[in-house]
Amino acid sequence: MKSLFYPSSVVVIGVSTKPFNMGKEIARNLFEFGYNGVIHLVGTEEGVFFGRRIHQSLDEIDEPIDLAVILTPARTVPDIVEQCGRKGIKRIVIESGGFGEFGDEGRGLGEMLKSIADTYDIRFIGPNCIGIMNASNGLSTPFATMKNVFRKGGVGIAAQSGGVALSFLNMFDCEQIGYSKFTTLGNKMNIDENDILEFYMEDPETNVICMYLESVKDGRRFTEIAARSDKPVVVHKANIANLSSHIAHSHTEALANDDQVVDAALWQAGVVRFKEMQSYLDFVKILQLPEMKGRNLAIVSRSGGHAVIAADAAYTYNFHLPPLREDFLKEIRKHLRANVINLANPLDLGDLFDFEVYLRIVEHTIQEDNVDGILLLQTYFAAIEGEASRKMLQSAALVSQKYQKPVALCVQTEQSELSRLHKEIDFPIFMSPERAIAALDKSIKYYDRKRFMAGNAVVTNPEPRPDDSAIRTLIDTLNNQCRSPLLNEALDIIRLVGISTPEYQLVRNSEPPDLLVPGPYALKIVADSVSHKSDVGGVVLNLRDKDALAGACAEMMERFSEADPAGMLVQTMVQRPPGSFELIVGGKRDPQFGPMVMLGHGGIFVEVFGKATLRMAPLSLAEIEAMIEELPGSEILKGVRGRPPIDMTALKDAIHRIAHLMVRFPEISSIDVNPLLVTPQGAQALDCRIFLTWT
């Protein structure tokens, strides 16, 4: 990737002096941004642009070329890439559209591109993109006319949409945040987000990685790379609904991922995901400040009302407002004019007009051991207090750096004054206390997550070990028969992996001979065509003796005679002691992120809590514990109002073993243990469905 961003020479192919030619705008941007290498131009007609000759063929250029930028009609691109390959050009940016995003003809051209690139060992960005930029050497290949006004900094931008990438560039620049690299990915036919992520992680000029993605090409690889990053990786993953998916498909040939899976996988990898731009921007801004290492927040404000709003936001996001020392407050009172304000935290300084004293208060506050960060709220009229306020805000920014604690500046003033602040103060400014506090909260969670990952990465095997050999034999048999397990076979697999089940036996008629299972009984139909058994009368519970069981068997066989049942499963009804809960533990194989494990509430709590927790497998025991903690209402599992706590060790073991199944046996496309009955004494799988993808 380095040779893509640091070429010694560039050729722009598709240049003309005609007024609306976009190829010449690429060349113009290279000159405008002061690209420090050699620039060559190629087009179908001879001419001169910026003092450079427009060649009619690559063959006319005798010098070596490191990077080609192509913007010509799609049908011409494969031949041009072939010419690049013959000339030894190994890195290409293809900005032309009309490939996979537009029908079969375009897809055919795309396949040709990939084949040619493989032949000549070429790596390329695009097609259907607006190019790349490197702040350090002036490389700038977008076809949009641009001015070299963007500040240089540490943010690496990568976006699947050229328009969004340019929005990022403008958005960050307006907030005193400079860029290091800029990449638009387009159709990701060769180089994708994984390649760029890996490069940005190694790039010494990049310290924050900001991405916009409409699809994730190889989610498992993306998360494995991101998990290794010591730089924040921030992603706006869009394209979550049917309508946006349709637009994205015509736009960049994106395919939507299951959004809950994306959320869980990115968080597990330490990636901070956003679904809208404002919170995204606020988070990147807060990353420019020192890390807030606790939740003790001091609020310093010139407005009592704004202090109240900030305190409410602090409460909403679980910040603590520690009391300030009385001797400190007493010293502040000496500088107040009317002494009509009850000083506390939030610190309302509306009666203080000496900004030097104001700043000393901020500096004293940040040094308190029980203060981890400050929210500084400054309200003023520029015509009256503009100069003094700007000086004070700049000094507060220096205080933040001096003591390595965040001072989040929130300013309420005229729009023209805000614009001036953005130009003069090289420090993030927030537009509301709520947004500043939300960003601080997100940053704390991010740093906590990265520390958790660093200390809890070890994955172990379940003990005692599952009987993988027997499971393999059973799955191979099912594969040969091109079918998924029936209920009894699914329970066999669950037992072999080491999860307890009630006693069960498959019977095939209404008078089961040699019944070995003790009563009372549960009876369940076993038929490949019946999925949700209880919805269609395929489950009968609390059959007290064999006579009741025989009658239920006869009735069930008659009811499901047309379903071609394999038989009926007779299970021992389990006891449900106080403190028992029904949970769902399952797994699915996501096409992008691989094996996933799910935990949710079962029984009546499915509708109450709704949301489940997801993780990519394999899982460390600490990750399993975190998964349980994140389950909505998990407090009830620990025992409330006299109910005993569940056997948490048994629950963690069951999740661990489902993760083991998903990792060890790639034929399993999904598992659904529902319910898993968890009691104070253990856990049992009462029912299970397993689906295979056979070859």
# chains A, B, ... in the order shown; residues from 1 in each chain; ligands from 1
>>> residues_around(residues="range 340-350 of chain A", least_positions_apart="4", cutoff="7 Å", atoms="only C-alpha atoms", output="MDAnalysis selection string")
chainID A and resid 298:304 307 311 321:324 329
>>> closest_residue(among="A:Gln592, A:Asn148, A:Asn296, A:Thr693", to="Gly219 in chain A", atoms="only C-alpha atoms")
A:Gln592
>>> residues_around(residues="Ala563 in chain A", least_positions_apart="5", cutoff="9 Å", atoms="only C-alpha atoms", output="PyMOL selection string")
chain A and resi 527-530
>>> write_last_selection(atoms="N, CA and C atoms", output="PDB file, in the first residue's frame")
ATOM      1  N   ALA A 527     -40.297 -34.254  12.923  1.00  0.00           N
ATOM      2  CA  ALA A 527     -40.564 -34.264  11.484  1.00  0.00           C
ATOM      3  C   ALA A 527     -39.765 -33.140  10.832  1.00  0.00           C
ATOM      4  N   ASP A 528     -39.133 -33.435   9.746  1.00  0.00           N
ATOM      5  CA  ASP A 528     -38.303 -32.457   9.045  1.00  0.00           C
ATOM      6  C   ASP A 528     -39.119 -31.259   8.580  1.00  0.00           C
ATOM      7  N   SER A 529     -40.399 -31.463   8.308  1.00  0.00           N
ATOM      8  CA  SER A 529     -41.238 -30.404   7.757  1.00  0.00           C
ATOM      9  C   SER A 529     -41.898 -29.556   8.836  1.00  0.00           C
ATOM     10  N   VAL A 530     -41.695 -29.900  10.116  1.00  0.00           N
ATOM     11  CA  VAL A 530     -42.322 -29.158  11.215  1.00  0.00           C
ATOM     12  C   VAL A 530     -41.224 -28.447  11.996  1.00  0.00           C
TER      13      VAL A 530
END
>>> residues_around(residues="range 50-55 of chain A", least_positions_apart="6", cutoff="10 Å", atoms="only C-alpha atoms", output="list in words")
Val12, Ile13, Gly14, Val15, Ser16, Thr17, Lys24, Ala27, Arg28, Phe31, Ile39, His40, Leu41, Val42, Gly43, Thr44 and Ile61 of chain A
>>> atom_distance(atom1="CA of Tyr212 in chain A", atom2="CA of Ala158 in chain A")
6.4 Å
>>> residues_around(residues="Tyr280 in chain A", least_positions_apart="6", cutoff="8 Å", atoms="only C-alpha atoms", output="list of chain:residue names")
A:Val234, A:His236, A:Phe274
>>> write_last_selection(atoms="N, CA and C atoms", output="PDB file, in the first residue's frame")
ATOM      1  N   VAL A 234     -12.810   4.215  13.725  1.00  0.00           N
ATOM      2  CA  VAL A 234     -14.166   4.740  13.823  1.00  0.00           C
ATOM      3  C   VAL A 234     -14.861   4.487  12.494  1.00  0.00           C
ATOM      4  N   HIS A 236     -18.559   4.578  10.234  1.00  0.00           N
ATOM      5  CA  HIS A 236     -19.983   4.796   9.953  1.00  0.00           C
ATOM      6  C   HIS A 236     -20.392   3.705   8.974  1.00  0.00           C
ATOM      7  N   PHE A 274     -20.783   4.196  14.316  1.00  0.00           N
ATOM      8  CA  PHE A 274     -21.836   5.209  14.372  1.00  0.00           C
ATOM      9  C   PHE A 274     -22.765   5.025  13.176  1.00  0.00           C
TER      10      PHE A 274
END
>>> residues_around(residues="range 116-125 of chain A", least_positions_apart="3", cutoff="6 Å", atoms="only C-alpha atoms", output="compact mmCIF listing (two decimals) with N, CA and C atoms, in the first residue's frame")
# COMPACT_ATOMS: atom_id res chain seq x y z
N GLY A 85 0.04 -2.90 -17.23
CA GLY A 85 0.73 -4.11 -16.82
C GLY A 85 1.97 -4.37 -17.66
N LYS A 90 2.45 -1.04 -11.39
CA LYS A 90 1.87 -2.02 -10.46
C LYS A 90 0.76 -1.45 -9.59
N ARG A 91 0.57 -0.12 -9.59
CA ARG A 91 -0.45 0.49 -8.75
C ARG A 91 -1.32 1.41 -9.61
N ILE A 92 -2.64 1.25 -9.48
CA ILE A 92 -3.59 1.97 -10.33
C ILE A 92 -4.77 2.45 -9.48
N VAL A 93 -5.26 3.64 -9.80
CA VAL A 93 -6.52 4.13 -9.28
C VAL A 93 -7.49 4.23 -10.45
N LEU A 113 -11.08 -6.93 -15.55
CA LEU A 113 -10.13 -6.15 -14.77
C LEU A 113 -9.41 -7.03 -13.75
N ASN A 190 -10.53 -4.79 -5.91
CA ASN A 190 -9.19 -5.33 -5.65
C ASN A 190 -8.74 -4.92 -4.25
N ILE A 191 -8.41 -3.67 -4.06
CA ILE A 191 -8.07 -3.16 -2.73
C ILE A 191 -9.37 -2.83 -2.00
>>> select_by_dssp(residues="range 312-460 of chain A", states="helix (DSSP H, G or I)", output="ChimeraX atom specification")
/A:312-316,326-333,355-366,382-403,415-424,433-455
>>> closest_residue(among="A:Tyr403, A:Phe99, A:Phe319, A:Phe560", to="Asp369 in chain A", atoms="only C-alpha atoms")
A:Tyr403
>>> atom_distance(atom1="CA of Ala654 in chain A", atom2="CA of Leu599 in chain A")
10.4 Å
>>> select_by_dssp(residues="range 464-624 of chain A", states="strand (DSSP E)", output="ChimeraX atom specification")
/A:504-507,521-526,539-543,567-572,581-590,594-601,613-616
>>> closest_residue(among="A:Glu629, A:Glu463, A:Glu95, A:Glu434", to="Val77 in chain A", atoms="only C-alpha atoms")
A:Glu95
